[in-house]
file final_5.csv (CSV, N, CA and C atoms)
chain,number,residue,atom,x,y,z
J,1,GLN,N,163.8,162.1,202.1
J,1,GLN,CA,162.5,162.6,202.1
J,1,GLN,C,162.2,163.7,201.1
J,2,VAL,N,161.0,163.8,200.8
J,2,VAL,CA,160.6,164.9,199.8
J,2,VAL,C,159.5,165.7,200.5
J,3,GLN,N,159.6,167.0,200.4
J,3,GLN,CA,158.6,167.9,201.0
J,3,GLN,C,157.9,168.6,199.8
J,4,LEU,N,156.6,168.6,199.9
J,4,LEU,CA,155.8,169.2,198.8
J,4,LEU,C,154.8,170.3,199.4
J,5,VAL,N,154.7,171.4,198.7
J,5,VAL,CA,153.9,172.5,199.2
J,5,VAL,C,153.1,173.0,198.0
J,6,GLU,N,151.8,172.9,198.0
J,6,GLU,CA,150.9,173.4,197.0
J,6,GLU,C,150.5,174.9,197.2
J,7,SER,N,150.3,175.6,196.1
J,7,SER,CA,149.8,176.9,196.3
J,7,SER,C,149.0,177.3,195.0
J,8,GLY,N,148.3,178.4,195.0
J,8,GLY,CA,147.5,178.8,193.9
J,8,GLY,C,146.0,178.6,193.9
J,9,GLY,N,145.6,177.9,194.9
J,9,GLY,CA,144.1,177.7,194.9
J,9,GLY,C,143.4,178.9,195.3
J,10,GLY,N,142.1,178.9,195.2
J,10,GLY,CA,141.3,180.0,195.5
J,10,GLY,C,139.9,180.0,194.9
J,11,LEU,N,139.2,181.1,194.9
J,11,LEU,CA,137.9,181.2,194.3
J,11,LEU,C,137.9,181.7,192.9
J,12,VAL,N,137.2,181.1,192.0
J,12,VAL,CA,137.2,181.5,190.6
J,12,VAL,C,135.8,181.2,190.1
J,13,GLN,N,135.4,182.0,189.2
J,13,GLN,CA,134.1,181.8,188.5
J,13,GLN,C,134.1,180.7,187.5
J,14,ALA,N,133.0,180.1,187.3
J,14,ALA,CA,133.0,179.0,186.3
J,14,ALA,C,133.4,179.6,184.9
J,15,GLY,N,134.2,178.9,184.2
J,15,GLY,CA,134.8,179.4,182.9
J,15,GLY,C,136.1,180.0,183.1
J,16,GLY,N,136.5,180.3,184.3
J,16,GLY,CA,137.8,181.0,184.6
J,16,GLY,C,138.9,180.0,184.7
J,17,SER,N,140.1,180.6,185.1
J,17,SER,CA,141.3,179.8,185.1
J,17,SER,C,142.0,180.0,186.4
J,18,LEU,N,142.8,179.0,186.8
J,18,LEU,CA,143.7,179.1,187.9
J,18,LEU,C,145.0,178.3,187.6
J,19,ARG,N,146.1,178.6,188.2
J,19,ARG,CA,147.3,177.9,188.0
J,19,ARG,C,147.8,177.4,189.4
J,20,LEU,N,147.8,176.1,189.6
J,20,LEU,CA,148.3,175.6,190.9
J,20,LEU,C,149.8,175.3,190.7
J,21,SER,N,150.5,175.5,191.8
J,21,SER,CA,151.9,175.2,191.9
J,21,SER,C,152.2,174.2,193.0
J,22,CYS,N,153.2,173.3,192.7
J,22,CYS,CA,153.7,172.4,193.7
J,22,CYS,C,155.2,172.5,193.8
J,23,ALA,N,155.7,173.0,194.9
J,23,ALA,CA,157.1,173.2,195.1
J,23,ALA,C,157.7,172.0,195.8
J,24,ALA,N,158.7,171.4,195.3
J,24,ALA,CA,159.3,170.2,195.9
J,24,ALA,C,160.7,170.6,196.4
J,25,SER,N,161.0,169.9,197.6
J,25,SER,CA,162.3,170.1,198.2
J,25,SER,C,162.7,168.8,198.8
J,26,GLY,N,164.0,168.7,199.2
J,26,GLY,CA,164.5,167.5,199.8
J,26,GLY,C,165.1,166.6,198.7
J,27,SER,N,164.9,165.3,198.8
J,27,SER,CA,165.5,164.3,197.9
J,27,SER,C,164.8,164.3,196.5
J,28,ILE,N,164.8,165.4,195.9
J,28,ILE,CA,164.1,165.5,194.6
J,28,ILE,C,164.7,164.6,193.5
J,29,PHE,N,165.9,164.2,193.7
J,29,PHE,CA,166.5,163.3,192.7
J,29,PHE,C,165.8,161.9,192.6
J,30,SER,N,165.1,161.6,193.7
J,30,SER,CA,164.5,160.3,193.8
J,30,SER,C,163.1,160.3,193.2
J,31,ILE,N,162.6,161.4,192.7
J,31,ILE,CA,161.3,161.5,192.2
J,31,ILE,C,161.2,161.0,190.7
J,32,ASN,N,160.3,160.0,190.5
J,32,ASN,CA,160.0,159.4,189.2
J,32,ASN,C,158.9,160.1,188.5
J,33,ALA,N,157.9,160.6,189.2
J,33,ALA,CA,156.8,161.2,188.6
J,33,ALA,C,156.1,162.1,189.6
J,34,MET,N,155.5,163.2,189.1
J,34,MET,CA,154.7,164.1,189.9
J,34,MET,C,153.3,164.0,189.4
J,35,ASN,N,152.4,164.1,190.4
J,35,ASN,CA,150.9,163.9,190.1
J,35,ASN,C,150.1,165.0,190.8
J,36,TRP,N,149.0,165.3,190.2
J,36,TRP,CA,148.0,166.1,190.8
J,36,TRP,C,146.8,165.2,191.0
J,37,TYR,N,146.3,165.3,192.2
J,37,TYR,CA,145.0,164.6,192.6
J,37,TYR,C,144.0,165.6,193.1
J,38,ARG,N,142.8,165.2,193.2
J,38,ARG,CA,141.8,166.1,193.8
J,38,ARG,C,140.8,165.2,194.6
J,39,GLN,N,140.2,165.9,195.6
J,39,GLN,CA,139.3,165.2,196.5
J,39,GLN,C,138.2,166.1,196.9
J,40,VAL,N,137.0,165.6,196.8
J,40,VAL,CA,135.8,166.3,197.3
J,40,VAL,C,135.4,165.6,198.6
J,41,ILE,N,135.0,166.3,199.6
J,41,ILE,CA,134.7,165.7,200.9
J,41,ILE,C,133.6,164.6,200.7
J,42,GLY,N,133.9,163.4,201.2
J,42,GLY,CA,133.0,162.3,201.1
J,42,GLY,C,133.3,161.4,199.9
J,43,LYS,N,134.2,161.8,199.1
J,43,LYS,CA,134.5,161.1,197.9
J,43,LYS,C,136.0,160.6,197.9
J,44,HIS,N,136.3,159.6,197.0
J,44,HIS,CA,137.7,159.2,196.9
J,44,HIS,C,138.5,160.2,196.3
J,45,ARG,N,139.8,160.2,196.6
J,45,ARG,CA,140.8,161.1,195.9
J,45,ARG,C,140.9,160.5,194.5
J,46,GLU,N,140.9,161.4,193.5
J,46,GLU,CA,141.1,161.0,192.1
J,46,GLU,C,142.2,161.6,191.4
J,47,LEU,N,142.9,160.8,190.6
J,47,LEU,CA,144.0,161.3,189.8
J,47,LEU,C,143.6,162.3,188.7
J,48,VAL,N,144.3,163.4,188.7
J,48,VAL,CA,143.9,164.4,187.7
J,48,VAL,C,144.9,164.4,186.5
J,49,ALA,N,146.2,164.4,186.9
J,49,ALA,CA,147.3,164.5,185.8
J,49,ALA,C,148.6,164.0,186.4
J,50,THR,N,149.4,163.5,185.5
J,50,THR,CA,150.8,163.0,185.9
J,50,THR,C,151.8,163.5,184.9
J,51,ILE,N,153.0,163.9,185.4
J,51,ILE,CA,154.1,164.2,184.5
J,51,ILE,C,155.3,163.3,185.1
J,52,THR,N,155.9,162.6,184.1
J,52,THR,CA,157.0,161.7,184.5
J,52,THR,C,158.3,162.5,184.5
J,53,SER,N,159.4,161.8,185.0
J,53,SER,CA,160.7,162.4,185.0
J,53,SER,C,161.2,162.6,183.5
J,54,GLY,N,160.6,161.8,182.6
J,54,GLY,CA,161.0,162.0,181.2
J,54,GLY,C,160.2,163.0,180.5
J,55,GLY,N,159.2,163.6,181.2
J,55,GLY,CA,158.4,164.7,180.6
J,55,GLY,C,157.1,164.2,180.0
J,56,GLY,N,156.8,162.9,180.0
J,56,GLY,CA,155.5,162.4,179.6
J,56,GLY,C,154.4,162.8,180.4
J,57,THR,N,153.2,163.0,179.9
J,57,THR,CA,152.1,163.5,180.6
J,57,THR,C,150.9,162.6,180.4
J,58,LYS,N,150.0,162.5,181.4
J,58,LYS,CA,148.8,161.8,181.3
J,58,LYS,C,147.7,162.6,182.0
J,59,TYR,N,146.5,162.5,181.5
J,59,TYR,CA,145.4,163.2,182.1
J,59,TYR,C,144.2,162.4,182.3
J,60,ALA,N,143.4,162.7,183.3
J,60,ALA,CA,142.1,162.0,183.5
J,60,ALA,C,141.2,162.6,182.4
J,61,ASP,N,140.3,161.7,181.9
J,61,ASP,CA,139.4,162.1,180.8
J,61,ASP,C,138.6,163.4,181.1
J,62,PHE,N,138.3,163.6,182.4
J,62,PHE,CA,137.4,164.7,182.8
J,62,PHE,C,138.1,166.0,182.7
J,63,VAL,N,139.5,166.0,182.5
J,63,VAL,CA,140.2,167.3,182.4
J,63,VAL,C,140.9,167.5,181.1
J,64,LYS,N,140.9,166.5,180.2
J,64,LYS,CA,141.6,166.5,179.0
J,64,LYS,C,141.1,167.7,178.1
J,65,GLY,N,142.0,168.5,177.6
J,65,GLY,CA,141.7,169.7,176.8
J,65,GLY,C,141.5,170.9,177.7
J,66,ARG,N,141.4,170.8,179.0
J,66,ARG,CA,141.2,171.9,179.9
J,66,ARG,C,142.4,172.2,180.8
J,67,PHE,N,143.0,171.1,181.3
J,67,PHE,CA,144.1,171.3,182.2
J,67,PHE,C,145.4,170.9,181.6
J,68,THR,N,146.5,171.5,182.0
J,68,THR,CA,147.8,171.2,181.5
J,68,THR,C,148.8,171.1,182.7
J,69,ILE,N,149.5,170.0,182.8
J,69,ILE,CA,150.5,169.8,183.8
J,69,ILE,C,151.8,170.1,183.1
J,70,SER,N,152.7,170.8,183.9
J,70,SER,CA,154.0,171.1,183.4
J,70,SER,C,155.0,171.2,184.6
J,71,ARG,N,156.2,171.4,184.3
J,71,ARG,CA,157.2,171.5,185.4
J,71,ARG,C,158.3,172.4,185.0
J,72,ASP,N,158.9,173.0,186.0
J,72,ASP,CA,160.1,173.8,185.9
J,72,ASP,C,161.2,173.2,186.7
J,73,ASN,N,162.1,172.5,186.0
J,73,ASN,CA,163.1,171.7,186.8
J,73,ASN,C,164.1,172.7,187.6
J,74,ALA,N,164.3,173.8,187.0
J,74,ALA,CA,165.2,174.8,187.7
J,74,ALA,C,164.6,175.2,189.1
J,75,GLU,N,163.3,175.3,189.1
J,75,GLU,CA,162.6,175.8,190.3
J,75,GLU,C,162.0,174.6,191.1
J,76,ASN,N,162.2,173.4,190.6
J,76,ASN,CA,161.7,172.2,191.3
J,76,ASN,C,160.2,172.3,191.6
J,77,THR,N,159.5,172.8,190.6
J,77,THR,CA,158.1,173.1,190.7
J,77,THR,C,157.3,172.5,189.6
J,78,VAL,N,156.1,171.9,190.0
J,78,VAL,CA,155.2,171.4,189.0
J,78,VAL,C,154.0,172.3,189.0
J,79,TYR,N,153.4,172.5,187.9
J,79,TYR,CA,152.2,173.3,187.7
J,79,TYR,C,151.0,172.6,187.2
J,80,LEU,N,149.9,173.1,187.5
J,80,LEU,CA,148.6,172.6,186.9
J,80,LEU,C,147.9,173.8,186.5
J,81,GLN,N,147.9,174.0,185.2
J,81,GLN,CA,147.1,175.1,184.6
J,81,GLN,C,145.7,174.6,184.3
J,82,MET,N,144.7,175.3,184.9
J,82,MET,CA,143.3,174.8,184.9
J,82,MET,C,142.5,175.9,184.2
J,83,ASN,N,142.0,175.6,183.0
J,83,ASN,CA,141.2,176.5,182.2
J,83,ASN,C,139.8,176.0,182.1
J,84,SER,N,138.9,176.8,181.7
J,84,SER,CA,137.5,176.5,181.6
J,84,SER,C,136.9,175.7,182.8
J,85,LEU,N,137.2,176.2,183.9
J,85,LEU,CA,136.8,175.5,185.2
J,85,LEU,C,135.3,175.4,185.3
J,86,LYS,N,134.9,174.3,185.8
J,86,LYS,CA,133.5,174.0,186.0
J,86,LYS,C,133.2,173.8,187.5
J,87,PRO,N,132.0,174.0,187.9
J,87,PRO,CA,131.7,173.8,189.4
J,87,PRO,C,132.1,172.4,189.9
J,88,GLU,N,132.0,171.4,189.0
J,88,GLU,CA,132.4,170.1,189.4
J,88,GLU,C,133.9,169.9,189.6
J,89,ASP,N,134.7,170.9,189.2
J,89,ASP,CA,136.2,170.9,189.5
J,89,ASP,C,136.5,171.3,190.9
J,90,GLU,N,135.5,171.8,191.6
J,90,GLU,CA,135.8,172.3,193.0
J,90,GLU,C,136.2,171.1,193.8
J,91,ALA,N,137.3,171.3,194.5
J,91,ALA,CA,137.9,170.2,195.3
J,91,ALA,C,139.1,170.7,196.0
J,92,VAL,N,139.7,169.9,196.9
J,92,VAL,CA,141.0,170.2,197.4
J,92,VAL,C,142.0,169.4,196.4
J,93,TYR,N,143.0,170.2,195.9
J,93,TYR,CA,143.9,169.6,195.0
J,93,TYR,C,145.2,169.3,195.7
J,94,PHE,N,145.7,168.1,195.5
J,94,PHE,CA,146.9,167.6,196.2
J,94,PHE,C,148.0,167.3,195.1
J,95,CYS,N,149.2,167.5,195.5
J,95,CYS,CA,150.4,167.1,194.7
J,95,CYS,C,151.0,165.9,195.4
J,96,LYS,N,151.4,164.9,194.5
J,96,LYS,CA,152.0,163.7,195.0
J,96,LYS,C,153.2,163.4,194.2
J,97,ALA,N,154.3,163.0,194.9
J,97,ALA,CA,155.5,162.6,194.3
J,97,ALA,C,155.7,161.1,194.4
J,98,ASP,N,156.0,160.5,193.3
J,98,ASP,CA,156.3,159.0,193.2
J,98,ASP,C,157.8,158.9,193.3
J,99,VAL,N,158.3,158.2,194.3
J,99,VAL,CA,159.8,158.0,194.4
J,99,VAL,C,160.1,156.5,194.3
J,100,SER,N,161.4,156.3,194.2
J,100,SER,CA,161.9,154.9,193.9
J,100,SER,C,162.1,154.1,195.1
J,101,ALA,N,162.0,154.6,196.3
J,101,ALA,CA,162.2,153.8,197.5
J,101,ALA,C,161.2,154.1,198.5
J,102,TRP,N,161.1,153.3,199.5
J,102,TRP,CA,160.1,153.5,200.6
J,102,TRP,C,160.2,154.9,201.1
J,103,PRO,N,159.1,155.6,201.3
J,103,PRO,CA,157.7,155.1,201.3
J,103,PRO,C,157.0,155.2,199.9
J,104,TYR,N,157.8,155.4,198.9
J,104,TYR,CA,157.3,155.3,197.5
J,104,TYR,C,156.4,156.5,197.1
J,105,GLU,N,155.9,157.2,198.0
J,105,GLU,CA,155.1,158.4,197.6
J,105,GLU,C,155.1,159.4,198.8
J,106,TYR,N,155.0,160.7,198.4
J,106,TYR,CA,154.9,161.8,199.3
J,106,TYR,C,153.7,162.7,198.8
J,107,TRP,N,153.0,163.2,199.8
J,107,TRP,CA,151.9,164.1,199.5
J,107,TRP,C,152.1,165.5,200.1
J,108,GLY,N,151.5,166.5,199.4
J,108,GLY,CA,151.5,167.8,199.9
J,108,GLY,C,150.2,167.9,200.8
J,109,PRO,N,150.0,169.0,201.5
J,109,PRO,CA,148.9,169.3,202.3
J,109,PRO,C,147.6,169.6,201.6
J,110,GLY,N,147.7,170.0,200.3
J,110,GLY,CA,146.6,170.4,199.5
J,110,GLY,C,146.3,171.9,199.4
J,111,THR,N,145.6,172.2,198.4
J,111,THR,CA,145.1,173.6,198.2
J,111,THR,C,143.7,173.6,197.7
J,112,GLN,N,142.8,174.4,198.2
J,112,GLN,CA,141.4,174.4,197.9
J,112,GLN,C,141.1,175.2,196.7
J,113,VAL,N,140.3,174.6,195.8
J,113,VAL,CA,139.8,175.3,194.6
J,113,VAL,C,138.3,175.4,194.7
J,114,ILE,N,137.8,176.6,194.7
J,114,ILE,CA,136.3,176.8,194.7
J,114,ILE,C,135.9,177.5,193.4
J,115,VAL,N,134.9,176.8,192.8
J,115,VAL,CA,134.4,177.3,191.5
J,115,VAL,C,133.0,177.8,191.7
J,116,SER,N,132.7,179.0,191.5
J,116,SER,CA,131.3,179.5,191.7
J,116,SER,C,130.6,179.5,190.3
J,117,SER,N,129.3,179.2,190.4
J,117,SER,CA,128.6,179.1,189.1
J,117,SER,C,127.8,180.3,188.9
call {"tool": "encode", "arguments": {"input": "final_5.csv", "output": "structure tokens"}}
result
Amino acid sequence: QVQLVESGGGLVQAGGSLRLSCAASGSIFSINAMNWYRQVIGKHRELVATITSGGGTKYADFVKGRFTISRDNAENTVYLQMNSLKPEDEAVYFCKADVSAWPYEYWGPGTQVIVSS
């Protein structure tokens, strides 16, 4: 099993920055990729960014150039640096680990980001 805990959410003004953290524990050797998703109440959860075990990264078009996903292997932590935040970035942000065996994915409980205009 893999346990994930997000932190770093909070209230920020539009144009500001936040850095989210996702600390992983447990069977971290089984993790193939780490992802950040976000969800607004009443809407589907959407993929924001991915970082693979090889270090490759992918971003949703709506965050390209503003958000950066990174990881610290020594700390078993993945980060999401969010710059130039917009009111439409307001959501609950979730960390997800993709693993090689059932259940194939684990989710953290999420952290709320509020962007004031």
call {"tool": "residues_around", "arguments": {"input": "final_5.csv", "residues": "Phe29 (chain J)", "least_positions_apart": "6", "cutoff": "10 Å", "atoms": "only C-alpha atoms", "output": "number ranges by chain"}}
result
J: 2, 53, 99-100
call {"tool": "residues_around", "arguments": {"input": "final_5.csv", "residues": "Phe67 (chain J)", "least_positions_apart": "3", "cutoff": "6 Å", "atoms": "all atoms listed in the file", "output": "NGL selection string"}}
result
:J and (63-64 or 81-83)
call {"tool": "select_by_dssp", "arguments": {"input": "final_5.csv", "residues": "region 4-44 of chain J", "states": "strand (DSSP E or B)", "output": "ChimeraX atom specification"}}
result
/J:4-7,10-13,18-26,31-39
call {"tool": "atom_distance", "arguments": {"input": "final_5.csv", "atom1": "CA of Arg19 (chain J)", "atom2": "CA of Leu80 (chain J)"}}
result
5.6 Å
call {"tool": "select_by_dssp", "arguments": {"input": "final_5.csv", "residues": "chain J", "states": "helix (DSSP H, G or I)", "output": "PyMOL selection string"}}
result
chain J and resi 28-30+61-63+87-89
call {"tool": "residues_around", "arguments": {"input": "final_5.csv", "residues": "Ser21 (chain J)", "least_positions_apart": "3", "cutoff": "10 Å", "atoms": "only C-alpha atoms", "output": "compact mmCIF listing (two decimals) with N, CA and C atoms, keeping the file's coordinate frame"}}
result
# COMPACT_ATOMS: atom_id res chain seq x y z
N LEU J 4 156.60 168.60 199.90
CA LEU J 4 155.80 169.20 198.80
C LEU J 4 154.80 170.30 199.40
N VAL J 5 154.70 171.40 198.70
CA VAL J 5 153.90 172.50 199.20
C VAL J 5 153.10 173.00 198.00
N GLU J 6 151.80 172.90 198.00
CA GLU J 6 150.90 173.40 197.00
C GLU J 6 150.50 174.90 197.20
N SER J 7 150.30 175.60 196.10
CA SER J 7 149.80 176.90 196.30
C SER J 7 149.00 177.30 195.00
N GLY J 8 148.30 178.40 195.00
CA GLY J 8 147.50 178.80 193.90
C GLY J 8 146.00 178.60 193.90
N GLY J 9 145.60 177.90 194.90
CA GLY J 9 144.10 177.70 194.90
C GLY J 9 143.40 178.90 195.30
N LEU J 18 142.80 179.00 186.80
CA LEU J 18 143.70 179.10 187.90
C LEU J 18 145.00 178.30 187.60
N ALA J 24 158.70 171.40 195.30
CA ALA J 24 159.30 170.20 195.90
C ALA J 24 160.70 170.60 196.40
N TRP J 36 149.00 165.30 190.20
CA TRP J 36 148.00 166.10 190.80
C TRP J 36 146.80 165.20 191.00
N ILE J 69 149.50 170.00 182.80
CA ILE J 69 150.50 169.80 183.80
C ILE J 69 151.80 170.10 183.10
N SER J 70 152.70 170.80 183.90
CA SER J 70 154.00 171.10 183.40
C SER J 70 155.00 171.20 184.60
N ARG J 71 156.20 171.40 184.30
CA ARG J 71 157.20 171.50 185.40
C ARG J 71 158.30 172.40 185.00
N THR J 77 159.50 172.80 190.60
CA THR J 77 158.10 173.10 190.70
C THR J 77 157.30 172.50 189.60
N VAL J 78 156.10 171.90 190.00
CA VAL J 78 155.20 171.40 189.00
C VAL J 78 154.00 172.30 189.00
N TYR J 79 153.40 172.50 187.90
CA TYR J 79 152.20 173.30 187.70
C TYR J 79 151.00 172.60 187.20
N LEU J 80 149.90 173.10 187.50
CA LEU J 80 148.60 172.60 186.90
C LEU J 80 147.90 173.80 186.50
N GLN J 81 147.90 174.00 185.20
CA GLN J 81 147.10 175.10 184.60
C GLN J 81 145.70 174.60 184.30
N CYS J 95 149.20 167.50 195.50
CA CYS J 95 150.40 167.10 194.70
C CYS J 95 151.00 165.90 195.40
N THR J 111 145.60 172.20 198.40
CA THR J 111 145.10 173.60 198.20
C THR J 111 143.70 173.60 197.70
call {"tool": "build_atoms", "arguments": {"input": "final_5.csv", "residues": "region 20-41 of chain J", "atoms": "N, CA, C and O atoms", "output": "JSON list (two decimals), keeping the file's coordinate frame"}}
result
[["chain", "number", "residue", "atom", "x", "y", "z"],
["J", 20, "LEU", "N", 147.80, 176.10, 189.60],
["J", 20, "LEU", "CA", 148.30, 175.60, 190.90],
["J", 20, "LEU", "C", 149.80, 175.30, 190.70],
["J", 20, "LEU", "O", 150.28, 174.95, 189.66],
["J", 21, "SER", "N", 150.50, 175.50, 191.80],
["J", 21, "SER", "CA", 151.90, 175.20, 191.90],
["J", 21, "SER", "C", 152.20, 174.20, 193.00],
["J", 21, "SER", "O", 151.53, 174.17, 194.01],
["J", 22, "CYS", "N", 153.20, 173.30, 192.70],
["J", 22, "CYS", "CA", 153.70, 172.40, 193.70],
["J", 22, "CYS", "C", 155.20, 172.50, 193.80],
["J", 22, "CYS", "O", 155.86, 172.08, 192.86],
["J", 23, "ALA", "N", 155.70, 173.00, 194.90],
["J", 23, "ALA", "CA", 157.10, 173.20, 195.10],
["J", 23, "ALA", "C", 157.70, 172.00, 195.80],
["J", 23, "ALA", "O", 157.16, 171.67, 196.90],
["J", 24, "ALA", "N", 158.70, 171.40, 195.30],
["J", 24, "ALA", "CA", 159.30, 170.20, 195.90],
["J", 24, "ALA", "C", 160.70, 170.60, 196.40],
["J", 24, "ALA", "O", 161.39, 171.36, 195.87],
["J", 25, "SER", "N", 161.00, 169.90, 197.60],
["J", 25, "SER", "CA", 162.30, 170.10, 198.20],
["J", 25, "SER", "C", 162.70, 168.80, 198.80],
["J", 25, "SER", "O", 161.90, 167.88, 198.97],
["J", 26, "GLY", "N", 164.00, 168.70, 199.20],
["J", 26, "GLY", "CA", 164.50, 167.50, 199.80],
["J", 26, "GLY", "C", 165.10, 166.60, 198.70],
["J", 26, "GLY", "O", 165.86, 167.07, 197.87],
["J", 27, "SER", "N", 164.90, 165.30, 198.80],
["J", 27, "SER", "CA", 165.50, 164.30, 197.90],
["J", 27, "SER", "C", 164.80, 164.30, 196.50],
["J", 27, "SER", "O", 164.28, 163.24, 196.11],
["J", 28, "ILE", "N", 164.80, 165.40, 195.90],
["J", 28, "ILE", "CA", 164.10, 165.50, 194.60],
["J", 28, "ILE", "C", 164.70, 164.60, 193.50],
["J", 28, "ILE", "O", 163.98, 164.24, 192.55],
["J", 29, "PHE", "N", 165.90, 164.20, 193.70],
["J", 29, "PHE", "CA", 166.50, 163.30, 192.70],
["J", 29, "PHE", "C", 165.80, 161.90, 192.60],
["J", 29, "PHE", "O", 165.95, 161.19, 191.66],
["J", 30, "SER", "N", 165.10, 161.60, 193.70],
["J", 30, "SER", "CA", 164.50, 160.30, 193.80],
["J", 30, "SER", "C", 163.10, 160.30, 193.20],
["J", 30, "SER", "O", 162.42, 159.24, 193.10],
["J", 31, "ILE", "N", 162.60, 161.40, 192.70],
["J", 31, "ILE", "CA", 161.30, 161.50, 192.20],
["J", 31, "ILE", "C", 161.20, 161.00, 190.70],
["J", 31, "ILE", "O", 161.93, 161.37, 189.86],
["J", 32, "ASN", "N", 160.30, 160.00, 190.50],
["J", 32, "ASN", "CA", 160.00, 159.40, 189.20],
["J", 32, "ASN", "C", 158.90, 160.10, 188.50],
["J", 32, "ASN", "O", 158.94, 160.18, 187.23],
["J", 33, "ALA", "N", 157.90, 160.60, 189.20],
["J", 33, "ALA", "CA", 156.80, 161.20, 188.60],
["J", 33, "ALA", "C", 156.10, 162.10, 189.60],
["J", 33, "ALA", "O", 156.25, 161.93, 190.81],
["J", 34, "MET", "N", 155.50, 163.20, 189.10],
["J", 34, "MET", "CA", 154.70, 164.10, 189.90],
["J", 34, "MET", "C", 153.30, 164.00, 189.40],
["J", 34, "MET", "O", 152.96, 163.92, 188.24],
["J", 35, "ASN", "N", 152.40, 164.10, 190.40],
["J", 35, "ASN", "CA", 150.90, 163.90, 190.10],
["J", 35, "ASN", "C", 150.10, 165.00, 190.80],
["J", 35, "ASN", "O", 150.49, 165.47, 191.86],
["J", 36, "TRP", "N", 149.00, 165.30, 190.20],
["J", 36, "TRP", "CA", 148.00, 166.10, 190.80],
["J", 36, "TRP", "C", 146.80, 165.20, 191.00],
["J", 36, "TRP", "O", 146.31, 164.55, 190.09],
["J", 37, "TYR", "N", 146.30, 165.30, 192.20],
["J", 37, "TYR", "CA", 145.00, 164.60, 192.60],
["J", 37, "TYR", "C", 144.00, 165.60, 193.10],
["J", 37, "TYR", "O", 144.42, 166.73, 193.46],
["J", 38, "ARG", "N", 142.80, 165.20, 193.20],
["J", 38, "ARG", "CA", 141.80, 166.10, 193.80],
["J", 38, "ARG", "C", 140.80, 165.20, 194.60],
["J", 38, "ARG", "O", 140.60, 164.06, 194.34],
["J", 39, "GLN", "N", 140.20, 165.90, 195.60],
["J", 39, "GLN", "CA", 139.30, 165.20, 196.50],
["J", 39, "GLN", "C", 138.20, 166.10, 196.90],
["J", 39, "GLN", "O", 138.45, 167.23, 197.40],
["J", 40, "VAL", "N", 137.00, 165.60, 196.80],
["J", 40, "VAL", "CA", 135.80, 166.30, 197.30],
["J", 40, "VAL", "C", 135.40, 165.60, 198.60],
["J", 40, "VAL", "O", 135.55, 164.33, 198.71],
["J", 41, "ILE", "N", 135.00, 166.30, 199.60],
["J", 41, "ILE", "CA", 134.70, 165.70, 200.90],
["J", 41, "ILE", "C", 133.60, 164.60, 200.70],
["J", 41, "ILE", "O", 132.64, 164.80, 200.00]]
